[in-house]
$ cat data.cif   # mmCIF, C-alpha atoms and all ligand atoms
data_input
loop_
_atom_site.label_atom_id
_atom_site.label_comp_id
_atom_site.auth_asym_id
_atom_site.auth_seq_id
_atom_site.Cartn_x
_atom_site.Cartn_y
_atom_site.Cartn_z
CA MET I 1 0.00 0.00 0.00
CA SER I 2 1.34 3.41 -0.81
CA LEU I 3 0.26 5.92 1.77
CA PRO I 4 2.01 9.23 1.09
CA PRO I 5 5.33 9.79 2.89
CA LEU I 6 6.01 12.63 5.30
CA ASP I 7 7.93 15.48 3.69
CA GLU I 8 8.63 19.20 4.07
CA THR I 9 4.91 19.98 3.64
CA HIS I 10 4.27 18.48 7.10
CA ASP I 11 6.79 20.71 8.90
CA ARG I 12 4.85 22.05 11.88
CA HIS I 13 7.01 25.18 12.00
CA ALA I 14 6.20 26.20 8.43
CA THR I 15 4.19 29.42 8.21
CA SER I 16 2.49 31.15 5.32
CA TRP I 17 2.02 34.74 4.22
CA ALA I 18 -1.55 33.84 3.11
CA PRO I 19 -4.21 35.77 5.07
CA GLY I 20 -5.48 33.79 8.07
CA ALA I 21 -3.19 30.81 7.47
CA ASP I 22 -1.46 31.10 10.82
CA GLY I 23 -4.53 31.34 13.01
CA SER I 24 -6.17 28.41 14.72
CA GLY I 25 -8.37 27.63 11.71
CA PRO I 26 -8.63 24.25 10.00
CA PHE I 27 -6.64 25.25 6.90
CA PRO I 28 -2.99 26.05 7.72
CA VAL I 29 -0.49 25.66 4.89
CA GLN I 30 0.06 22.04 5.98
CA ASN I 31 -3.51 21.18 4.87
CA LEU I 32 -4.26 22.61 1.38
CA PRO I 33 -7.64 20.90 0.73
CA PHE I 34 -9.39 21.07 -2.63
CA CYS I 35 -12.81 22.61 -3.14
CA CYS I 36 -15.14 23.58 -5.97
CA PHE I 37 -16.03 27.27 -5.79
CA SER I 38 -17.48 30.11 -7.83
CA THR I 39 -17.32 33.89 -7.64
CA GLY I 40 -19.49 36.53 -9.27
CA ASP I 41 -19.80 35.76 -12.97
CA LEU I 42 -17.19 32.99 -12.98
CA GLY I 43 -18.60 29.49 -12.74
CA PRO I 44 -17.64 26.53 -10.51
CA ARG I 45 -13.95 25.61 -10.66
CA ALA I 46 -11.25 23.97 -8.60
CA GLY I 47 -9.63 25.74 -5.69
CA VAL I 48 -7.23 25.03 -2.86
CA ALA I 49 -8.08 26.54 0.52
CA VAL I 50 -5.43 28.09 2.77
CA GLY I 51 -6.27 30.29 5.74
CA ASP I 52 -9.03 32.69 4.72
CA VAL I 53 -8.44 32.46 0.98
CA ILE I 54 -8.88 30.08 -1.94
CA VAL I 55 -6.25 29.65 -4.65
CA ASP I 56 -7.93 29.74 -8.08
CA LEU I 57 -6.03 26.71 -9.36
CA GLY I 58 -6.92 26.89 -13.03
CA ALA I 59 -6.22 30.62 -13.33
CA TRP I 60 -2.84 30.25 -11.62
CA LEU I 61 -1.80 27.20 -13.66
CA ALA I 62 -2.89 28.83 -16.92
CA ALA I 63 -0.65 31.78 -16.09
CA CYS I 64 2.34 29.53 -15.37
CA ASP I 65 3.00 29.27 -19.11
CA SER I 66 4.04 25.63 -19.49
CA PRO I 67 2.28 22.96 -21.56
CA GLN I 68 2.02 20.64 -18.53
CA ASP I 69 0.44 23.38 -16.43
CA ALA I 70 -1.95 24.30 -19.23
CA ALA I 71 -3.08 20.66 -19.39
CA LEU I 72 -3.53 20.62 -15.61
CA ALA I 73 -5.43 23.93 -15.78
CA ASP I 74 -7.91 22.29 -18.15
CA LEU I 75 -8.76 19.76 -15.42
CA CYS I 76 -9.68 22.59 -13.04
CA GLU I 77 -12.89 23.61 -14.84
CA GLY I 78 -16.13 22.65 -13.10
CA PRO I 79 -16.35 20.06 -10.32
CA LEU I 80 -13.24 18.23 -9.11
CA ASN I 81 -13.90 14.91 -10.91
CA ALA I 82 -11.27 15.41 -13.64
CA LEU I 83 -8.65 16.64 -11.21
CA LEU I 84 -9.22 13.73 -8.79
CA ALA I 85 -9.12 11.30 -11.73
CA ALA I 86 -5.51 12.34 -12.42
CA GLY I 87 -4.44 10.46 -9.29
CA ALA I 88 -1.78 10.87 -6.66
CA GLU I 89 1.24 12.01 -8.68
CA PRO I 90 0.01 15.40 -9.99
CA ARG I 91 -1.83 15.95 -6.71
CA ARG I 92 1.37 15.54 -4.69
CA ALA I 93 3.38 17.68 -7.10
CA LEU I 94 0.76 20.43 -6.88
CA ARG I 95 0.84 20.28 -3.09
CA ARG I 96 4.62 20.71 -2.94
CA ARG I 97 4.60 23.60 -5.40
CA LEU I 98 1.81 25.45 -3.60
CA PHE I 99 3.45 24.81 -0.23
CA ALA I 100 6.75 26.26 -1.50
CA LEU I 101 5.06 29.37 -2.88
CA LEU I 102 2.80 29.92 0.13
CA THR I 103 5.67 29.65 2.62
CA ASP I 104 8.05 31.90 0.65
CA PRO I 105 7.37 35.60 1.20
CA GLY I 106 9.35 36.28 -1.97
CA ALA I 107 6.83 34.29 -4.03
CA ARG I 108 3.85 36.27 -2.80
CA GLY I 109 3.60 38.36 -5.96
CA GLU I 110 3.40 35.24 -8.12
CA LEU I 111 0.39 33.69 -6.37
CA GLU I 112 -1.44 36.65 -4.87
CA PRO I 113 -3.30 37.64 -8.09
CA PHE I 114 -5.01 34.23 -8.01
CA LEU I 115 -6.24 34.32 -4.42
CA VAL I 116 -9.95 34.75 -3.72
CA PRO I 117 -11.21 35.66 -0.23
CA ALA I 118 -13.15 32.63 1.00
CA ALA I 119 -15.88 34.96 2.26
CA GLU I 120 -16.55 36.06 -1.33
CA ALA I 121 -16.67 32.53 -2.76
CA GLU I 122 -19.66 30.25 -3.07
CA LEU I 123 -18.77 26.65 -2.25
CA HIS I 124 -20.30 23.85 -4.29
CA LEU I 125 -20.50 20.10 -4.01
CA PRO I 126 -16.84 19.08 -4.57
CA CYS I 127 -17.65 16.55 -7.31
CA GLU I 128 -20.48 15.59 -9.56
CA VAL I 129 -21.37 12.41 -7.68
CA GLY I 130 -22.04 9.54 -10.06
CA ASP I 131 -22.56 6.95 -7.37
CA TYR I 132 -22.81 7.05 -3.60
CA THR I 133 -22.40 4.00 -1.36
CA ASP I 134 -22.83 4.15 2.39
CA PHE I 135 -21.02 1.56 4.51
CA TYR I 136 -21.66 0.46 8.09
CA ALA I 137 -18.07 0.34 9.38
CA GLY I 138 -18.63 1.99 12.77
CA ILE I 139 -18.81 -1.09 14.98
CA HIS I 140 -20.00 0.68 18.15
CA HIS I 141 -22.84 2.25 16.15
CA ALA I 142 -23.77 -1.11 14.65
CA ARG I 143 -23.71 -2.77 18.06
CA ARG I 144 -25.68 -0.04 19.84
CA VAL I 145 -28.33 0.37 17.16
CA GLY I 146 -28.56 -3.41 16.88
CA ARG I 147 -29.17 -3.63 20.64
CA LEU I 148 -32.06 -1.14 20.33
CA PHE I 149 -33.75 -3.08 17.54
CA ARG I 150 -32.59 -6.67 18.10
CA PRO I 151 -31.62 -7.09 21.79
CA ASP I 152 -30.84 -10.82 21.40
CA SER I 153 -28.44 -10.42 18.44
CA PRO I 154 -27.18 -6.83 18.31
CA LEU I 155 -24.39 -7.42 15.80
CA PRO I 156 -25.32 -9.38 12.67
CA PRO I 157 -23.17 -12.55 12.38
CA ASN I 158 -21.69 -11.36 9.07
CA TYR I 159 -20.53 -8.03 10.57
CA PRO I 160 -16.90 -8.87 11.45
CA TRP I 161 -16.36 -10.61 8.11
CA VAL I 162 -17.85 -8.42 5.40
CA PRO I 163 -18.00 -4.63 4.92
CA LEU I 164 -21.78 -4.01 4.86
CA ALA I 165 -23.29 -1.19 2.84
CA TYR I 166 -26.35 0.06 1.02
CA HIS I 167 -26.45 2.00 -2.22
CA GLY I 168 -27.31 5.61 -1.51
CA ARG I 169 -28.85 8.19 -3.76
CA ALA I 170 -26.28 10.37 -5.57
CA SER I 171 -28.92 12.85 -6.81
CA THR I 172 -29.66 14.12 -3.30
CA VAL I 173 -26.09 14.57 -2.05
CA VAL I 174 -25.85 18.26 -1.13
CA VAL I 175 -23.07 20.54 0.06
CA SER I 176 -22.78 21.71 3.66
CA GLY I 177 -25.16 24.56 4.47
CA THR I 178 -27.99 23.34 2.22
CA PRO I 179 -31.30 23.27 4.13
CA VAL I 180 -32.77 19.81 4.69
CA THR I 181 -36.53 19.47 4.28
CA ARG I 182 -38.26 17.13 6.70
CA PRO I 183 -39.30 14.13 4.59
CA TRP I 184 -42.74 12.54 4.47
CA GLY I 185 -43.17 8.82 4.29
CA GLN I 186 -44.95 5.76 5.61
CA ILE I 187 -44.94 5.95 9.40
CA PRO I 188 -45.69 2.81 11.43
CA ASP I 189 -49.04 3.15 13.21
CA THR I 190 -52.03 1.05 14.23
CA PRO I 191 -53.94 -0.50 12.64
CA GLY I 192 -51.66 0.26 9.64
CA PRO I 193 -49.04 2.76 8.51
CA ARG I 194 -50.03 6.33 7.65
CA PHE I 195 -48.35 8.80 5.29
CA GLY I 196 -46.95 11.87 7.04
CA PRO I 197 -43.87 13.85 8.08
CA THR I 198 -41.20 11.90 9.94
CA ALA I 199 -41.31 12.39 13.71
CA ARG I 200 -37.91 10.75 14.19
CA LEU I 201 -35.50 12.77 12.08
CA ASP I 202 -31.86 12.05 12.90
CA PHE I 203 -28.31 12.77 11.77
CA GLU I 204 -25.43 10.33 11.25
CA PHE I 205 -21.81 11.47 11.61
CA GLU I 206 -19.72 9.75 8.96
CA LEU I 207 -16.58 10.41 6.98
CA ALA I 208 -16.79 10.93 3.23
CA ILE I 209 -14.28 9.14 0.99
CA TRP I 210 -13.82 10.69 -2.46
CA ILE I 211 -12.69 8.28 -5.18
CA GLY I 212 -9.77 9.26 -7.42
CA PRO I 213 -8.86 7.22 -10.52
CA GLY I 214 -11.18 4.26 -9.92
CA ASN I 215 -11.21 1.01 -11.92
CA PRO I 216 -12.47 -0.38 -15.22
CA HIS I 217 -15.63 -2.48 -14.96
CA GLY I 218 -14.65 -6.08 -14.22
CA ARG I 219 -11.24 -5.34 -12.75
CA PRO I 220 -11.14 -5.31 -8.94
CA ILE I 221 -8.78 -2.97 -7.11
CA PRO I 222 -6.39 -5.09 -4.99
CA ILE I 223 -6.16 -4.09 -1.34
CA ALA I 224 -2.48 -3.18 -1.80
CA GLU I 225 -3.47 -0.55 -4.40
CA ALA I 226 -6.74 0.59 -2.86
CA ALA I 227 -5.33 3.61 -0.97
CA ASP I 228 -4.14 5.05 -4.30
CA HIS I 229 -7.76 5.35 -5.38
CA VAL I 230 -8.78 7.54 -2.45
CA ALA I 231 -8.35 11.16 -3.51
CA GLY I 232 -9.47 12.66 -0.24
CA PHE I 233 -11.73 12.77 2.77
CA GLY I 234 -14.57 14.92 4.04
CA ILE I 235 -17.43 14.90 6.54
CA LEU I 236 -20.79 13.34 5.68
CA ASN I 237 -24.20 13.56 7.35
CA ASP I 238 -26.44 10.64 6.39
CA TRP I 239 -29.73 12.26 7.48
CA SER I 240 -32.14 9.49 8.49
CA ALA I 241 -35.86 9.22 9.24
CA ARG I 242 -35.91 6.49 11.86
CA ASP I 243 -39.66 5.78 11.81
CA ILE I 244 -39.71 5.40 8.02
CA GLN I 245 -36.51 3.34 8.23
CA ALA I 246 -37.86 0.94 10.88
CA TRP I 247 -40.89 0.16 8.69
CA GLU I 248 -39.15 -0.16 5.29
CA TYR I 249 -35.67 -1.56 5.97
CA GLN I 250 -36.44 -5.28 5.86
CA PRO I 251 -35.53 -7.11 3.69
CA LEU I 252 -33.68 -4.80 1.27
CA GLY I 253 -32.22 -2.11 3.55
CA PRO I 254 -32.78 1.65 3.84
CA PHE I 255 -34.50 3.44 0.95
CA LEU I 256 -36.67 6.55 1.36
CA ALA I 257 -35.61 6.87 5.01
CA LYS I 258 -32.25 8.16 3.79
CA SER I 259 -32.54 9.15 0.12
CA PHE I 260 -34.10 12.56 0.84
CA ALA I 261 -30.74 14.22 1.66
CA THR I 262 -27.08 13.50 2.39
CA SER I 263 -24.85 16.45 3.29
CA VAL I 264 -21.10 16.57 2.69
CA SER I 265 -18.47 19.12 3.68
CA ALA I 266 -17.18 21.35 0.88
CA PHE I 267 -13.48 20.49 1.22
CA VAL I 268 -11.59 17.42 0.04
CA VAL I 269 -8.71 16.87 2.45
CA THR I 270 -6.02 14.85 0.69
CA PRO I 271 -4.27 11.69 1.88
CA GLU I 272 -1.05 13.77 1.77
CA ALA I 273 -2.42 16.27 4.31
CA LEU I 274 -3.62 13.41 6.52
CA ALA I 275 -0.35 11.44 6.34
CA PRO I 276 0.67 12.35 9.93
CA PHE I 277 -2.76 11.39 11.24
CA ARG I 278 -3.06 7.77 10.15
CA ALA I 279 -3.55 5.02 12.69
CA ALA I 280 -3.46 1.26 12.91
CA ALA I 281 -6.64 -0.56 11.94
CA LEU I 282 -8.95 -1.19 14.89
CA PRO I 283 -7.51 -4.08 16.92
CA ARG I 284 -9.62 -7.22 16.73
CA GLY I 285 -10.57 -9.32 19.73
CA PRO I 286 -9.46 -12.92 20.27
CA ASP I 287 -12.84 -14.18 19.02
CA ASP I 288 -12.94 -11.94 15.95
CA PRO I 289 -11.98 -13.30 12.52
CA LEU I 290 -8.95 -11.89 10.72
CA PRO I 291 -9.74 -10.12 7.45
CA LEU I 292 -9.98 -12.51 4.49
CA PRO I 293 -6.85 -12.36 2.28
CA TYR I 294 -8.41 -9.98 -0.29
CA LEU I 295 -8.95 -7.47 2.56
CA ALA I 296 -5.65 -8.08 4.35
CA ASP I 297 -2.59 -5.93 3.72
CA PRO I 298 0.09 -5.57 6.41
CA ALA I 299 0.79 -1.90 5.63
CA ASP I 300 -2.93 -1.12 5.66
CA GLN I 301 -3.36 -2.88 9.01
CA THR I 302 -0.42 -0.92 10.43
CA ALA I 303 -1.31 2.56 9.17
CA GLY I 304 -4.47 2.48 7.04
CA GLY I 305 -6.81 3.80 9.74
CA LEU I 306 -7.60 7.46 10.45
CA ASP I 307 -7.10 9.28 13.73
CA LEU I 308 -9.55 12.18 13.62
CA VAL I 309 -11.51 13.88 16.39
CA LEU I 310 -15.21 14.04 15.51
CA GLU I 311 -17.47 16.57 17.25
CA THR I 312 -21.20 17.12 16.85
CA TYR I 313 -22.85 20.47 17.66
CA LEU I 314 -26.57 21.24 17.84
CA SER I 315 -28.52 24.48 18.04
CA SER I 316 -32.26 25.05 18.11
CA ARG I 317 -34.04 28.01 16.55
CA ARG I 318 -34.75 29.29 20.08
CA MET I 319 -31.09 29.02 21.08
CA ARG I 320 -30.10 31.16 18.09
CA ALA I 321 -32.89 33.68 18.82
CA GLU I 322 -31.59 33.98 22.38
CA GLY I 323 -27.98 34.28 21.23
CA VAL I 324 -26.96 30.94 22.75
CA PRO I 325 -24.10 29.31 20.80
CA ASP I 326 -24.54 25.75 19.56
CA VAL I 327 -23.67 23.04 22.08
CA ARG I 328 -21.44 20.03 21.60
CA ILE I 329 -23.54 16.91 22.08
CA ALA I 330 -20.96 14.26 21.13
CA ARG I 331 -17.25 13.71 20.68
CA THR I 332 -15.50 10.59 19.43
CA THR I 333 -12.72 9.39 17.12
CA SER I 334 -12.56 7.80 13.69
CA ARG I 335 -10.28 5.11 15.14
CA HIS I 336 -13.52 3.23 15.95
CA LEU I 337 -13.98 2.19 12.31
CA TRP I 338 -13.87 -1.59 11.91
CA TRP I 339 -12.69 -1.33 8.27
CA THR I 340 -10.04 0.98 6.81
CA PRO I 341 -10.85 3.16 3.78
CA ALA I 342 -8.65 0.89 1.63
CA GLN I 343 -10.64 -2.17 2.73
CA LEU I 344 -13.89 -0.43 1.76
CA VAL I 345 -12.51 0.36 -1.72
CA ALA I 346 -11.09 -3.17 -2.20
CA HIS I 347 -14.32 -4.78 -1.06
CA HIS I 348 -16.53 -2.52 -3.17
CA THR I 349 -14.64 -3.45 -6.35
CA SER I 350 -13.94 -7.10 -5.41
CA ASN I 351 -16.78 -8.34 -7.61
CA GLY I 352 -15.69 -6.20 -10.56
CA CYS I 353 -17.98 -3.26 -9.70
CA GLN I 354 -16.65 -0.05 -11.17
CA LEU I 355 -15.76 2.98 -9.07
CA ARG I 356 -15.44 6.21 -11.04
CA PRO I 357 -13.67 9.51 -10.28
CA GLY I 358 -15.79 11.59 -7.91
CA ASP I 359 -17.76 8.64 -6.59
CA LEU I 360 -18.59 9.00 -2.93
CA LEU I 361 -18.31 6.44 -0.13
CA GLY I 362 -19.66 7.01 3.37
CA THR I 363 -17.90 5.11 6.15
CA GLY I 364 -21.06 4.51 8.19
CA THR I 365 -21.92 6.24 11.43
CA ILE I 366 -18.92 6.55 13.72
CA SER I 367 -19.63 6.13 17.43
CA GLY I 368 -17.50 5.24 20.43
CA PRO I 369 -18.35 2.92 23.31
CA GLU I 370 -19.27 5.69 25.80
CA PRO I 371 -22.76 7.27 25.99
CA ASP I 372 -21.52 10.71 24.83
CA GLU I 373 -19.73 9.19 21.83
CA GLY I 374 -22.85 8.50 19.77
CA GLY I 375 -22.74 9.40 16.09
CA SER I 376 -26.53 9.81 15.95
CA LEU I 377 -29.34 11.14 18.16
CA LEU I 378 -30.82 7.64 18.12
CA GLU I 379 -27.83 6.57 20.20
CA LEU I 380 -27.27 9.77 22.22
CA ALA I 381 -30.93 9.93 23.33
CA GLU I 382 -31.34 6.14 23.47
CA ALA I 383 -34.15 5.97 20.91
CA GLY I 384 -36.08 8.67 22.76
CA ALA I 385 -35.72 7.17 26.26
CA ARG I 386 -33.21 9.82 27.43
CA PRO I 387 -33.76 13.09 25.53
CA ILE I 388 -30.82 15.51 25.38
CA ALA I 389 -31.14 18.73 27.41
CA LEU I 390 -30.36 22.01 25.62
CA PRO I 391 -29.24 25.23 27.42
CA THR I 392 -32.69 26.83 26.84
CA GLY I 393 -34.42 24.04 28.78
CA GLU I 394 -35.61 22.43 25.56
CA THR I 395 -35.02 18.71 25.08
CA ARG I 396 -34.35 16.63 21.99
CA ALA I 397 -35.09 13.00 21.33
CA PHE I 398 -35.05 13.65 17.57
CA LEU I 399 -34.50 16.74 15.40
CA GLU I 400 -37.12 19.50 15.28
CA ASP I 401 -37.70 22.06 12.53
CA GLY I 402 -35.17 24.89 12.89
CA ASP I 403 -32.52 22.65 14.44
CA ARG I 404 -29.02 23.01 13.03
CA VAL I 405 -26.60 20.08 13.15
CA ARG I 406 -22.91 20.92 12.66
CA LEU I 407 -20.35 18.13 12.29
CA VAL I 408 -16.68 19.02 12.76
CA ALA I 409 -13.61 16.83 12.22
CA SER I 410 -10.03 17.70 13.07
CA ALA I 411 -6.64 16.02 13.25
CA GLN I 412 -4.18 16.49 16.08
CA ARG I 413 -0.90 14.79 16.85
CA PRO I 414 2.04 15.99 18.96
CA GLY I 415 4.84 17.21 16.71
CA PHE I 416 2.49 18.16 13.87
CA ARG I 417 0.40 21.16 12.97
CA SER I 418 -3.29 20.45 13.59
CA ILE I 419 -5.51 20.52 10.54
CA GLY I 420 -9.27 20.26 10.07
CA LEU I 421 -11.69 18.80 7.56
CA GLY I 422 -13.88 21.87 8.04
CA GLU I 423 -17.52 21.36 8.91
CA CYS I 424 -20.69 19.87 7.53
CA TRP I 425 -23.85 21.61 8.68
CA GLY I 426 -27.50 21.70 7.78
CA GLU I 427 -30.73 23.17 9.11
CA VAL I 428 -33.94 21.19 9.28
CA VAL I 429 -36.87 22.94 7.64
CA GLY I 430 -40.49 21.86 7.83
MN MN X 1 -25.32 5.86 7.35
#
$ encode --input "data.cif" --output "structure tokens"
Amino acid sequence: MSLPPLDETHDRHATSWAPGADGSGPFPVQNLPFCCFSTGDLGPRAGVAVGDVIVDLGAWLAACDSPQDAALADLCEGPLNALLAAGAEPRRALRRRLFALLTDPGARGELEPFLVPAAEAELHLPCEVGDYTDFYAGIHHARRVGRLFRPDSPLPPNYPWVPLAYHGRASTVVVSGTPVTRPWGQIPDTPGPRFGPTARLDFEFELAIWIGPGNPHGRPIPIAEAADHVAGFGILNDWSARDIQAWEYQPLGPFLAKSFATSVSAFVVTPEALAPFRAAALPRGPDDPLPLPYLADPADQTAGGLDLVLETYLSSRRMRAEGVPDVRIARTTSRHLWWTPAQLVAHHTSNGCQLRPGDLLGTGTISGPEPDEGGSLLELAEAGARPIALPTGETRAFLEDGDRVRLVASAQRPGFRSIGLGECWGEVVG
């Protein structure tokens, strides 16, 4: 497996002349995430965020006056699919060039004409999502939700063997900040279901995995090469209507309970930026099976996991009206994922299924073993049995209209500059 090596772009002491790059924000010069942005009359195009600004990649590369840069500039039009398809090599070269320019005060004049204040940019969905698959790799989530619905067998017997997933709906993947309309559906009732608005609207904190080159139909990606097909990571909210889900999910899995909206953060944080923040795969217990050979790679087991801090914030309409800031209702770590990103990619393609540039994988809800580590309200409020108390005296078992959910992910490790994935937020509207 070829996870990117550490190099000068990870130097914690490196500073940048870019506005806001040396604050405590998520985008110091050691991060350099991609995004798709637009300004004024200029349409969506590729950018790289640093501090409070976005580098207009295509405009800068076009001005560099070399045939290679002109070809790269062509990939920067529109969503990031074409750029991510180019794979790790140009991505790493671009990172080192931008890092050198952004940390050299003498190079300021060269790059400054192509910087756009982030406050003036509109952020779009990073890629045109052709396909979206949502996994179920958070084992504490699977166990806890299983216990709520199937007390005698909380974890399905296949869980430790096979990465479980359902096929999500690409057409309703939206960028962070997009309002989420409360869905209507069949709600269990007596004597029979009725059609109405969900009363059990929930969020799910997941990581987004953006696919880079991908594979031809019929040719699986071996586990040893799978990391090369991950172009970057983001934050994903798999909004879920639990009452609709409980009624419809057997035998074919979730459908309308989740296809009404999936939010993703606007920034694609690269494997290069996350190189210092990798972790070993989750250790397995003595009774757990080892991964089958097609999912087993020593390097992936040693360093293929991700060590990110995941924090969930909630605010009600009343809290905002009273000037009360949003409250953190959960905190956990992505180390709780049972499968690594490379294992998800290898498994997904193991039958010959094609992954294409810009395809989106969700990891599944990430929860920890403690009560305040739930990746969903279903877990945090124990399916309504223990509603969460808000500072205004309001309580929440599930989301109400006007509620805003904000998911934040960040990476910290002694000896390295902290970086963030940004945030993924959405407001529930009736
Ligand atoms: Mn999910």
$ atom_distance --input "data.cif" --atom1 "CA of Asp56 in chain I" --atom2 "CA of Arg96 in chain I"
16.3 Å
$ closest_residue --input "data.cif" --among "I:Gly402, I:Pro90, I:Gly43, I:Gly362" --to "ligand MN 1 (chain X)" --atoms "all atoms listed in the file"
I:Gly362
$ residues_near_ligand --input "data.cif" --ligand "ligand MN 1 (chain X)" --cutoff "9 Å" --atoms "only C-alpha atoms and all ligand atoms" --output "PyMOL selection string"
chain I and resi 134-136+165-166+203-206+236-240+258+362-365
$ residues_near_point --input "data.cif" --point "(4.9, 30.9, 2.0)" --cutoff "12 Å" --atoms "only C-alpha atoms" --output "NGL selection string"
:I and (9 or 13-19 or 21-22 or 28-30 or 50-51 or 96-112)
$ residues_around --input "data.cif" --residues "Arg318 in chain I" --least-positions-apart "2" --cutoff "10 Å" --atoms "all atoms listed in the file" --output "list in words"
Ser315, Ser316, Arg320, Ala321, Glu322, Gly323, Val324, Thr392, Glu394, Gly402 and Asp403 of chain I
$ atom_distance --input "data.cif" --atom1 "CA of Pro271 in chain I" --atom2 "CA of Gly25 in chain I"
19.2 Å
$ closest_residue --input "data.cif" --among "I:Leu252, I:Ala73, I:Val269, I:Leu292" --to "His167 in chain I" --atoms "all atoms listed in the file"
I:Leu252
$ build_atoms --input "data.cif" --residues "range 183-195 of chain I" --atoms "N, CA and C atoms" --output "compact mmCIF listing (two decimals), in the coordinates of the input"
# COMPACT_ATOMS: atom_id res chain seq x y z
N PRO I 183 -38.62 14.99 5.57
CA PRO I 183 -39.30 14.13 4.59
C PRO I 183 -40.62 13.57 5.11
N TRP I 184 -41.51 13.27 4.19
CA TRP I 184 -42.74 12.54 4.47
C TRP I 184 -42.57 11.10 4.03
N GLY I 185 -43.25 10.22 4.69
CA GLY I 185 -43.17 8.82 4.29
C GLY I 185 -44.16 7.99 5.05
N GLN I 186 -44.08 6.67 4.88
CA GLN I 186 -44.95 5.76 5.61
C GLN I 186 -44.44 5.61 7.04
N ILE I 187 -45.30 5.99 7.98
CA ILE I 187 -44.94 5.95 9.40
C ILE I 187 -45.71 4.79 10.05
N PRO I 188 -44.99 3.92 10.77
CA PRO I 188 -45.69 2.81 11.43
C PRO I 188 -46.76 3.33 12.37
N ASP I 189 -47.94 2.72 12.35
CA ASP I 189 -49.04 3.15 13.21
C ASP I 189 -50.00 1.97 13.32
N THR I 190 -51.01 2.10 14.17
CA THR I 190 -52.03 1.05 14.23
C THR I 190 -53.36 1.64 13.76
N PRO I 191 -54.14 0.92 13.01
CA PRO I 191 -53.94 -0.50 12.64
C PRO I 191 -52.96 -0.69 11.48
N GLY I 192 -52.59 0.38 10.76
CA GLY I 192 -51.66 0.26 9.64
C GLY I 192 -50.88 1.54 9.50
N PRO I 193 -49.86 1.56 8.65
CA PRO I 193 -49.04 2.76 8.51
C PRO I 193 -49.85 3.91 7.92
N ARG I 194 -49.42 5.14 8.26
CA ARG I 194 -50.03 6.33 7.65
C ARG I 194 -48.92 7.10 6.95
N PHE I 195 -49.31 7.98 6.04
CA PHE I 195 -48.35 8.80 5.29
C PHE I 195 -48.27 10.17 5.95
